[in-house]
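In what follows, a structure is listed as structure tokens, so that the remarks can point back to it.
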Amino acid sequence: NAGVTQTPKFQVLKTGQSMTLQCAQDMNHEYMSWYRQDPGMGLRLIHYSVGAGITDQGEVPNGYNVSRSTTEDFPLRLLSAAPSQTSVYFCASSNLLLGVGSPLHFGNGTRLTVT
Amino acid sequence: AQTVTQSQPEMSVQEAETVTLSCTYDTSENNYYLFWYKQPPSRQMILVIRQEAYKQQNATENRFSVNFQKAAKSFSLKISDSQLGDTAMYFCAFMKHVRGQNFVFGPGTRLSVLP
């Protein structure tokens with residue numbers, strides 16, 4: 001059982017480049033989300049999805065796009081990378097069928113540096 | 001909007017001693033969930049403990065226990081018999097009692113366990 005798989009683990013981009021961070025889960029979780037982690041700020045929600053075909057914005061969505069065409073995959077796209085997007089990105093999922101209050105299961109994160 | 005505060009950016013404790021990490025939150029909700037997550041240097045996010053607000057009994061998981069004070073909106077984590085492997089960032093998180101609701105994380109406390 002792989003859980004939540006994020007790729008790549010590390011990435012360096014130049015300002016203006018675009019890229020996609022991949023996230024896949026094999027637990028059939030309806031809920032998936034993307035967070036960014038910055039020092040002293042905890043984890044901030046970028047985008048989330050409660051099921052295939054449904055996405056919504058979180059606290060810090062600007063500069064990012066998501067799609068949810070399948071239950072398993074939830075890629076995060078950086079449209080035009082900026083130095084302010086240098087961060088560690090986490091994908092997380094939870095099982096809504098277990099009821100309210102199900103914990104988040106996290107991937108191992110992607111460290112992104114934009115120069 | 002809910003906010004989560006962790007007032008101790010860094011703490012240290014001697015091996016085998018007990019340490020308490022503080023967390024306060026602001027909400028007008030009556031039903032909700034609280035979590036503590038641990039992030040060791042490997043960057044992995046690991047669920048430590050979960051508390052349901054409508055349960056008065058404090059949650060415990062082996063050496064980890066919480067002191068949940070609903071009226072004071074306080075949710076502290078006590079680690080007993082600290083071990084070197086407890087060295088990590090610890091994040092407190094809040095979730096409303098709503099299906100598909102998002103988590104709100106605190107800024108984290110960096111705990112160092114000293115030999």
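We name chains A, B, ... following the order of the structure tokens; residues begin at 1 in each chain, and ligands are numbered from 1 as shown.
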
With 12 Å as the limit and counting only C-alpha atoms, what residues in chain A lie close to chain B? Please list them as JSON, numbers by chain. {"A": [4, 5, 6, 9, 29, 30, 31, 32, 33, 34, 35, 36, 37, 38, 39, 40, 41, 42, 43, 44, 45, 46, 47, 48, 49, 50, 51, 54, 55, 56, 57, 58, 59, 88, 89, 90, 91, 92, 93, 94, 95, 96, 97, 98, 99, 100, 101, 102, 103, 104, 105, 106, 107, 108, 109, 110, 111]}

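Excluding segment 62-75 of chain B and any residue on its chain fewer than 2 positions from it, the residues at most 9 Å away by only C-alpha atoms are Thr20, Leu21, Ser22, Cys23, Thr24, Tyr25, Asp26, Thr27, Leu34, Phe35, Val48, Ile49, Arg50, Gln51, Ala53, Gln56, Gln57, Asn58, Ala59, Thr60, Leu77, Lys78, Ile79, Ser80, Asp81, Ser82 and Cys92 of chain B.
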
Please identify the helix (DSSP H, G or I) residues within segment 24-112 of chain A (assignment by DSSP from backbone atoms) and present them as a ChimeraX atom specification. /A:83-85,96-98

DSSP on the backbone: what in chain A comes out strand (DSSP E or B), as a count of residues only? 59

Quick one: residues within 10 Å of Gly63 of chain A, only C-alpha atoms counted, chain neighbours fewer than 3 positions away excluded, as a PDB file with C-alpha atoms, in the first residue's frame?
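Written output follows (selection_6.pdb):
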```pdb
ATOM      1  CA  ILE A  46      -3.589  25.975  -1.820  1.00  0.00           C
ATOM      2  CA  VAL A  60      -3.285  30.784  -1.110  1.00  0.00           C
ATOM      3  CA  ARG A  77       0.345  23.184 -11.835  1.00  0.00           C
ATOM      4  CA  LEU A  78       2.532  26.225 -11.430  1.00  0.00           C
ATOM      5  CA  LEU A  79       1.652  28.469 -14.325  1.00  0.00           C
ATOM      6  CA  SER A  80       4.615  30.886 -14.284  1.00  0.00           C
ATOM      7  CA  ALA A  81       6.974  30.211 -11.414  1.00  0.00           C
ATOM      8  CA  ALA A  82       7.993  33.083  -9.146  1.00  0.00           C
ATOM      9  CA  GLN A  85       6.684  30.071  -4.758  1.00  0.00           C
TER      10      GLN A  85
END
```

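Residues in contact with Leu21 of chain A at 7 Å, where only C-alpha atoms are counted and same-chain residues fewer than 4 positions away are skipped, are listed as A:Thr7, A:Pro8, A:Pro75, A:Leu76, A:Arg77.
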
Output all heavy atoms of each residue in that selection to a file, as a compact mmCIF listing (two decimals), in the first residue's frame.
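Contents of the output file selection_27.txt:
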```txt
# COMPACT_ATOMS: atom_id res chain seq x y z
N THR A 7 5.60 13.29 -6.71
CA THR A 7 6.82 13.42 -7.51
C THR A 7 6.86 14.79 -8.16
O THR A 7 5.81 15.37 -8.47
CB THR A 7 6.88 12.35 -8.62
OG1 THR A 7 5.68 12.43 -9.41
CG2 THR A 7 7.02 10.95 -8.05
N PRO A 8 8.07 15.38 -8.32
CA PRO A 8 9.36 14.88 -7.85
C PRO A 8 9.57 15.20 -6.38
O PRO A 8 8.76 15.88 -5.76
CB PRO A 8 10.35 15.66 -8.73
CG PRO A 8 9.67 16.97 -8.94
CD PRO A 8 8.20 16.67 -9.03
N PRO A 75 -3.00 16.60 -9.63
CA PRO A 75 -1.77 17.36 -9.95
C PRO A 75 -1.92 18.84 -9.65
O PRO A 75 -3.02 19.41 -9.77
CB PRO A 75 -1.61 17.11 -11.45
CG PRO A 75 -2.99 16.82 -11.94
CD PRO A 75 -3.71 16.14 -10.83
N LEU A 76 -0.82 19.44 -9.29
CA LEU A 76 -0.75 20.88 -9.01
C LEU A 76 0.13 21.53 -10.07
O LEU A 76 1.29 21.15 -10.23
CB LEU A 76 -0.16 21.14 -7.62
CG LEU A 76 0.02 22.61 -7.22
CD1 LEU A 76 -1.33 23.25 -6.93
CD2 LEU A 76 0.93 22.73 -6.00
N ARG A 77 -0.41 22.52 -10.78
CA ARG A 77 0.34 23.18 -11.84
C ARG A 77 0.75 24.59 -11.41
O ARG A 77 -0.09 25.37 -10.95
CB ARG A 77 -0.51 23.26 -13.10
CG ARG A 77 -0.86 21.90 -13.67
CD ARG A 77 -1.65 21.99 -14.97
NE ARG A 77 -2.09 20.66 -15.38
CZ ARG A 77 -3.20 20.08 -14.97
NH1 ARG A 77 -4.01 20.71 -14.13
NH2 ARG A 77 -3.52 18.88 -15.38
```

8 Å contact set for Ser12 of chain B, only C-alpha atoms, chain neighbours under 2 positions out, as a PDB file with all heavy atoms, in the first residue's frame:
```pdb
ATOM      1  N   GLU B  10      10.274  27.244  19.410  1.00  0.00           N
ATOM      2  CA  GLU B  10      11.277  26.203  19.648  1.00  0.00           C
ATOM      3  C   GLU B  10      11.252  25.798  21.115  1.00  0.00           C
ATOM      4  O   GLU B  10      11.040  26.632  22.002  1.00  0.00           O
ATOM      5  CB  GLU B  10      12.685  26.713  19.297  1.00  0.00           C
ATOM      6  CG  GLU B  10      12.897  26.997  17.836  1.00  0.00           C
ATOM      7  CD  GLU B  10      14.355  27.292  17.517  1.00  0.00           C
ATOM      8  OE1 GLU B  10      15.221  26.920  18.328  1.00  0.00           O
ATOM      9  OE2 GLU B  10      14.616  27.896  16.467  1.00  0.00           O
ATOM     10  N   GLN B  14      15.344  17.271  27.825  1.00  0.00           N
ATOM     11  CA  GLN B  14      16.316  16.201  28.005  1.00  0.00           C
ATOM     12  C   GLN B  14      15.643  14.858  27.773  1.00  0.00           C
ATOM     13  O   GLN B  14      14.448  14.663  28.077  1.00  0.00           O
ATOM     14  CB  GLN B  14      16.901  16.231  29.419  1.00  0.00           C
ATOM     15  CG  GLN B  14      17.773  17.436  29.737  1.00  0.00           C
ATOM     16  CD  GLN B  14      19.057  17.441  28.923  1.00  0.00           C
ATOM     17  OE1 GLN B  14      19.441  18.467  28.381  1.00  0.00           O
ATOM     18  NE2 GLN B  14      19.713  16.281  28.839  1.00  0.00           N
ATOM     19  N   LEU B 111      10.811  20.915  18.297  1.00  0.00           N
ATOM     20  CA  LEU B 111      11.233  20.268  19.543  1.00  0.00           C
ATOM     21  C   LEU B 111      12.549  19.534  19.327  1.00  0.00           C
ATOM     22  O   LEU B 111      12.674  18.756  18.389  1.00  0.00           O
ATOM     23  CB  LEU B 111      10.171  19.276  20.019  1.00  0.00           C
ATOM     24  CG  LEU B 111      10.542  18.471  21.259  1.00  0.00           C
ATOM     25  CD1 LEU B 111      10.624  19.375  22.477  1.00  0.00           C
ATOM     26  CD2 LEU B 111       9.549  17.336  21.492  1.00  0.00           C
ATOM     27  N   SER B 112      13.491  19.808  20.204  1.00  0.00           N
ATOM     28  CA  SER B 112      14.762  19.078  20.182  1.00  0.00           C
ATOM     29  C   SER B 112      14.874  18.274  21.468  1.00  0.00           C
ATOM     30  O   SER B 112      14.734  18.830  22.565  1.00  0.00           O
ATOM     31  CB  SER B 112      15.951  20.043  20.086  1.00  0.00           C
ATOM     32  OG  SER B 112      15.897  20.785  18.891  1.00  0.00           O
ATOM     33  N   VAL B 113      15.116  16.981  21.325  1.00  0.00           N
ATOM     34  CA  VAL B 113      15.344  16.123  22.485  1.00  0.00           C
ATOM     35  C   VAL B 113      16.845  15.936  22.622  1.00  0.00           C
ATOM     36  O   VAL B 113      17.505  15.455  21.690  1.00  0.00           O
ATOM     37  CB  VAL B 113      14.633  14.766  22.332  1.00  0.00           C
ATOM     38  CG1 VAL B 113      14.899  13.887  23.551  1.00  0.00           C
ATOM     39  CG2 VAL B 113      13.133  14.978  22.144  1.00  0.00           C
ATOM     40  N   LEU B 114      17.375  16.329  23.763  1.00  0.00           N
ATOM     41  CA  LEU B 114      18.823  16.347  23.982  1.00  0.00           C
ATOM     42  C   LEU B 114      19.273  15.109  24.741  1.00  0.00           C
ATOM     43  O   LEU B 114      18.611  14.696  25.689  1.00  0.00           O
ATOM     44  CB  LEU B 114      19.197  17.607  24.766  1.00  0.00           C
ATOM     45  CG  LEU B 114      18.677  18.918  24.178  1.00  0.00           C
ATOM     46  CD1 LEU B 114      18.967  20.086  25.114  1.00  0.00           C
ATOM     47  CD2 LEU B 114      19.294  19.143  22.810  1.00  0.00           C
TER      48      LEU B 114
END
```

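Taking atom CA of Leu13 of chain A and atom CA of Tyr64 of chain A as endpoints, the distance between them is 14.7 Å.
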